[in-house]
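Engineer: Right, I'll just put the structure down here and ask away after.
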Amino acid sequence: MGKFYESIPPEIIPWLLKQEVFWVATAPLSAEAHVNVSPKGVRDSFHVISTTRVWYQDLTGSGVETISHLRENGRVTLMFNAFDGPPRIVRLFGTGTVHEFGTPEYDALITPETRRPGSRAAIVIDVHKVGTSCGYAVPYYEFKGHRQVLLDYFASREAADQSDPAAHANKGLKAYWEEKNSRSIDGIPGLAYAPTVERMPQYRKEMKPAGNAENGEARENDVKVHGNGSAKANGGVLVKTARLDGQRVYEWAVAFSFGLAAAAVYVQLRQLAHIQL
């Protein structure tokens, strides 16, 4: 049934990266304050640095509970579970660090090409315990796609910051951060640096949306392990995520078909030349 590890078993990492949703749980120190559980469901937001360190791109929401709790005490648990295939639940217990938008640590993890609209922080978790359990009671669910509403909404907020010099005072993303993300519901400080950054958040219009199962988009996870085939505790596992959309598959299929046809014609011509000789 349940098992515990001091680090993430390497064979579990590809499974973690394939999950379309995971949960983040944090709590303040006060017994009267509120425990928080947040679902995270934008594709490619979760990343593995090593078997003891992971991170995810934190998008703007109407609250800031996770960031506030981490600033206060650092305690955090990430939970993943299978909705199809063999049942499984995995919990990553650790200590979280918040790197807000505009900091060097944020920029090192999230490039303009990979940043999502409304991205406000990179949350890095140092994992000190991993728990696996059966998940026998978790029901089956069919994944149909990711919602685009949040990304579209905060893309418009970022566009307002870019186009209107006074947007920061009313309808821009920074104004939203100041109004909604400065403190938790218990009054614990939240975002402190991001709203003050001089450069404006900017969503790259040419970036593809998060994608879903309905548009033919698939994902391939390539887990590389350094050294002798076993994962190292610090930076031993590098994970690269690539995408393969339906259009590219179609182009490859057409090119392959033309190649086969050309080869068949070549063989027939060779045979005909041999008969004539």
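Chain lettering (A, B, ...) mirrors the order of the structure tokens, residue numbering begins at 1 for each chain separately, and ligand numbering begins at 1 in order of display.
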Which residues are near A:His34? Cut-off 12 Å, only C-alpha atoms, ignore same chain within fewer than 2 positions. Put them as a JSON list (two decimals) with C-alpha atoms, in the first residue's frame.
Structural biologist:
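The resulting result_13.json:
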```json
[["chain", "number", "residue", "atom", "x", "y", "z"],
["A", 25, "ALA", "CA", -1.62, 22.48, 0.01],
["A", 26, "THR", "CA", -0.29, 25.07, 2.47],
["A", 27, "ALA", "CA", -1.27, 26.35, 5.91],
["A", 28, "PRO", "CA", -0.48, 29.35, 8.12],
["A", 29, "LEU", "CA", 0.97, 28.94, 11.59],
["A", 30, "SER", "CA", -2.07, 30.33, 13.39],
["A", 31, "ALA", "CA", -4.58, 27.71, 14.53],
["A", 32, "GLU", "CA", -7.41, 30.15, 13.72],
["A", 36, "ASN", "CA", -5.51, 26.27, 1.67],
["A", 37, "VAL", "CA", -5.65, 23.75, -1.20],
["A", 65, "GLU", "CA", -2.83, 32.01, -0.13],
["A", 66, "THR", "CA", 0.00, 29.74, -1.28],
["A", 68, "SER", "CA", 1.53, 34.11, 1.68],
["A", 69, "HIS", "CA", 1.82, 30.82, 3.55],
["A", 184, "SER", "CA", -4.00, 36.46, 2.17],
["A", 185, "ILE", "CA", -7.52, 36.23, 3.57],
["A", 186, "ASP", "CA", -5.90, 36.12, 7.02],
["A", 187, "GLY", "CA", -3.84, 39.24, 6.36],
["A", 188, "ILE", "CA", -0.51, 37.51, 5.74]]
```
Engineer: At a cut-off of 8 Å, using only C-alpha atoms, what residues contact A:Tyr193? Leave out same-chain residues fewer than 3 positions from it and give the result as a list in words.
Structural biologist: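 So, after excluding close chain neighbours, the residues are Glu100, Phe101, Gly102, Thr196 and Val197 of chain A.
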Engineer: Using N, CA, C and O atoms, can you write the selected residues to a file as a PDB file, in the first residue's frame?
Structural biologist:
```pdb
ATOM      1  N   GLU A 100       9.256  35.935  -7.189  1.00  0.00           N
ATOM      2  CA  GLU A 100       8.252  36.738  -7.871  1.00  0.00           C
ATOM      3  C   GLU A 100       8.690  37.178  -9.264  1.00  0.00           C
ATOM      4  O   GLU A 100       9.886  37.215  -9.574  1.00  0.00           O
ATOM      5  N   PHE A 101       7.704  37.523 -10.069  1.00  0.00           N
ATOM      6  CA  PHE A 101       7.953  38.091 -11.392  1.00  0.00           C
ATOM      7  C   PHE A 101       8.910  39.276 -11.278  1.00  0.00           C
ATOM      8  O   PHE A 101       8.770  40.134 -10.402  1.00  0.00           O
ATOM      9  N   GLY A 102       9.912  39.306 -12.145  1.00  0.00           N
ATOM     10  CA  GLY A 102      10.871  40.399 -12.162  1.00  0.00           C
ATOM     11  C   GLY A 102      12.149  40.132 -11.408  1.00  0.00           C
ATOM     12  O   GLY A 102      13.105  40.902 -11.542  1.00  0.00           O
ATOM     13  N   THR A 196       5.858  46.226  -8.165  1.00  0.00           N
ATOM     14  CA  THR A 196       6.738  47.401  -8.210  1.00  0.00           C
ATOM     15  C   THR A 196       7.742  47.358  -9.350  1.00  0.00           C
ATOM     16  O   THR A 196       8.469  48.330  -9.564  1.00  0.00           O
ATOM     17  N   VAL A 197       7.803  46.242 -10.075  1.00  0.00           N
ATOM     18  CA  VAL A 197       8.786  46.096 -11.157  1.00  0.00           C
ATOM     19  C   VAL A 197       8.483  47.107 -12.260  1.00  0.00           C
ATOM     20  O   VAL A 197       7.337  47.256 -12.678  1.00  0.00           O
TER      21      VAL A 197
END
```
Engineer: Report, in Å to a single decimal, how far apart atom CA of A:Thr132 and atom CA of A:Arg88 are.
Structural biologist: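 Result for atom CA of A:Arg88 versus atom CA of A:Thr132: 7.2 Å, one decimal.
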Engineer: Give the answer as one residue: which of A:Ile8, A:Val42, A:Leu92, A:Leu173 has the shortest atom-to-atom distance to A:Arg199, using only C-alpha atoms?
Structural biologist: A:Leu173
Engineer: Choose the residue, out of A:Asn73, A:Thr51, A:Asn81, A:Gln57, that has the smallest atom-to-atom separation from A:Cys134; count only C-alpha atoms.
Structural biologist: A:Asn81
Engineer: Write out as a compact mmCIF listing (two decimals) with C-alpha atoms, in the first residue's frame each polymer residue whose atoms come within 6 Å of stretch 15-23 of chain A, counting only C-alpha atoms; drop sequence neighbours fewer than 2 positions from it.
Structural biologist:
```
# COMPACT_ATOMS: atom_id res chain seq x y z
CA ILE A 12 7.79 8.17 -11.10
CA ILE A 13 9.00 11.39 -12.74
CA SER A 38 -5.18 25.04 -4.76
CA PRO A 39 -5.61 23.08 -8.02
CA LYS A 40 -3.03 23.75 -10.73
CA GLY A 41 -4.07 22.78 -14.23
CA LEU A 78 2.00 18.78 -3.78
CA MET A 79 -0.40 15.95 -4.60
CA PHE A 80 -0.81 14.12 -7.91
```
Engineer: Run DSSP on the backbone of this structure and report the residues of stretch 52-215 of chain A it assigns to helix (DSSP H, G or I), as a ChimeraX atom specification.
Structural biologist: /A:65-72,104-109,149-163,167-169,173-180,194-196,213-215
Engineer: If you run DSSP on the backbone here, which positions in stretch 100-156 of chain A get strand (DSSP E or B)? Please write them as a PyMOL selection string.
Structural biologist: chain A and resi 100+119-133
Engineer: List the neighbours of A:Leu70 out to 8 Å using only C-alpha atoms; skip same-chain residues closer than 5 positions along the sequence, and give me the result as a VMD selection string.
Structural biologist: chain A and resid 26 75 to 76 95 to 98
Engineer: Take the selection from the previous step and output its residues with C-alpha atoms, as a CSV table (one decimal), in the first residue's frame.
Structural biologist:
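Result file selection_14.csv:
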```
chain,number,residue,atom,x,y,z
A,26,THR,CA,-0.3,25.1,2.5
A,75,ARG,CA,5.6,24.3,4.4
A,76,VAL,CA,4.0,22.8,1.3
A,95,THR,CA,9.7,23.5,1.7
A,96,GLY,CA,8.7,26.1,-0.8
A,97,THR,CA,10.4,29.3,-1.9
A,98,VAL,CA,8.7,32.1,-3.8
```
Engineer: Quick one: residues within 10 Å of stretch 61-64 of chain A, only C-alpha atoms counted, chain neighbours fewer than 2 positions away excluded, as an mmCIF file with N, CA and C atoms, in the first residue's frame?
Structural biologist:
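Generated file (selection36.cif):
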```cif
data_model
loop_
_atom_site.group_PDB
_atom_site.id
_atom_site.type_symbol
_atom_site.label_atom_id
_atom_site.label_comp_id
_atom_site.auth_asym_id
_atom_site.auth_seq_id
_atom_site.Cartn_x
_atom_site.Cartn_y
_atom_site.Cartn_z
ATOM 1 N N ASN A 36 -5.176 26.045 3.080
ATOM 2 C CA ASN A 36 -5.505 26.267 1.668
ATOM 3 C C ASN A 36 -5.105 25.078 0.805
ATOM 4 N N ASP A 58 3.557 29.799 -11.216
ATOM 5 C CA ASP A 58 2.355 30.173 -10.483
ATOM 6 C C ASP A 58 1.639 31.304 -11.208
ATOM 7 N N LEU A 59 0.381 31.060 -11.587
ATOM 8 C CA LEU A 59 -0.400 32.045 -12.315
ATOM 9 C C LEU A 59 -1.246 32.877 -11.356
ATOM 10 N N THR A 66 -1.216 30.547 -1.229
ATOM 11 C CA THR A 66 0.000 29.737 -1.285
ATOM 12 C C THR A 66 1.242 30.600 -1.067
ATOM 13 N N ILE A 67 1.348 31.695 -1.797
ATOM 14 C CA ILE A 67 2.512 32.573 -1.678
ATOM 15 C C ILE A 67 2.622 33.121 -0.262
ATOM 16 N N SER A 68 1.508 33.551 0.321
ATOM 17 C CA SER A 68 1.531 34.111 1.678
ATOM 18 C C SER A 68 1.989 33.080 2.695
ATOM 19 N N HIS A 69 1.445 31.861 2.602
ATOM 20 C CA HIS A 69 1.820 30.823 3.555
ATOM 21 C C HIS A 69 3.294 30.443 3.421
ATOM 22 N N GLY A 118 -0.348 36.313 -16.983
ATOM 23 C CA GLY A 118 -0.666 36.376 -15.571
ATOM 24 C C GLY A 118 0.326 35.683 -14.672
ATOM 25 N N SER A 119 1.393 35.153 -15.225
ATOM 26 C CA SER A 119 2.394 34.473 -14.403
ATOM 27 C C SER A 119 2.987 35.459 -13.404
ATOM 28 N N ARG A 120 2.906 35.115 -12.123
ATOM 29 C CA ARG A 120 3.337 36.059 -11.083
ATOM 30 C C ARG A 120 4.526 35.571 -10.272
ATOM 31 N N LEU A 150 -8.714 31.778 -18.010
ATOM 32 C CA LEU A 150 -7.787 32.507 -17.154
ATOM 33 C C LEU A 150 -6.665 33.138 -17.972
ATOM 34 N N PHE A 154 -6.049 37.316 -18.260
ATOM 35 C CA PHE A 154 -4.848 38.022 -17.813
ATOM 36 C C PHE A 154 -3.984 38.482 -18.980
ATOM 37 N N TYR A 176 -4.203 44.728 -10.512
ATOM 38 C CA TYR A 176 -4.882 43.532 -10.001
ATOM 39 C C TYR A 176 -4.061 42.899 -8.883
ATOM 40 N N TRP A 177 -2.742 42.807 -9.085
ATOM 41 C CA TRP A 177 -1.876 42.256 -8.046
ATOM 42 C C TRP A 177 -1.998 43.051 -6.750
ATOM 43 N N GLU A 179 -4.483 44.879 -5.735
ATOM 44 C CA GLU A 179 -5.820 44.777 -5.139
ATOM 45 C C GLU A 179 -6.100 43.392 -4.572
ATOM 46 N N LYS A 180 -5.721 42.335 -5.320
ATOM 47 C CA LYS A 180 -6.140 40.981 -4.965
ATOM 48 C C LYS A 180 -5.044 40.120 -4.348
ATOM 49 N N ASN A 181 -3.775 40.453 -4.617
ATOM 50 C CA ASN A 181 -2.689 39.535 -4.271
ATOM 51 C C ASN A 181 -1.693 40.093 -3.267
ATOM 52 N N SER A 182 -2.018 41.170 -2.594
ATOM 53 C CA SER A 182 -1.071 41.757 -1.649
ATOM 54 C C SER A 182 -1.101 41.063 -0.290
ATOM 55 N N ARG A 183 -2.238 40.481 0.093
ATOM 56 C CA ARG A 183 -2.357 39.788 1.376
ATOM 57 C C ARG A 183 -3.312 38.613 1.256
ATOM 58 N N SER A 184 -3.104 37.615 2.113
ATOM 59 C CA SER A 184 -3.997 36.465 2.168
ATOM 60 C C SER A 184 -5.299 36.843 2.864
ATOM 61 N N ILE A 185 -6.250 35.935 2.910
ATOM 62 C CA ILE A 185 -7.521 36.233 3.568
ATOM 63 C C ILE A 185 -7.341 36.411 5.074
ATOM 64 N N ILE A 188 -1.933 37.816 5.862
ATOM 65 C CA ILE A 188 -0.508 37.509 5.739
ATOM 66 C C ILE A 188 0.008 38.118 4.433
ATOM 67 N N PRO A 189 1.152 38.812 4.435
ATOM 68 C CA PRO A 189 1.668 39.446 3.209
ATOM 69 C C PRO A 189 1.854 38.460 2.058
ATOM 70 N N GLY A 190 1.488 38.900 0.874
ATOM 71 C CA GLY A 190 1.614 38.074 -0.333
ATOM 72 C C GLY A 190 2.640 38.636 -1.288
ATOM 73 N N LEU A 191 2.199 39.037 -2.503
ATOM 74 C CA LEU A 191 3.124 39.626 -3.466
ATOM 75 C C LEU A 191 3.673 40.942 -2.922
#
```
Engineer: Atom CA of A:Ala137 to atom CA of A:Pro10: how many Å, to one decimal?
Structural biologist: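 Result for atom CA of A:Ala137 versus atom CA of A:Pro10: 25.2 Å, one decimal.
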Engineer: Quick one: residues within 12 Å of A:Ser156, only C-alpha atoms counted, chain neighbours fewer than 2 positions away excluded, as JSON, numbers by chain?
Structural biologist: {"A": [117, 118, 149, 150, 151, 152, 153, 154, 158, 159, 160, 161, 162, 163, 164, 167, 171, 172, 173, 176, 201, 202, 203, 204, 205]}
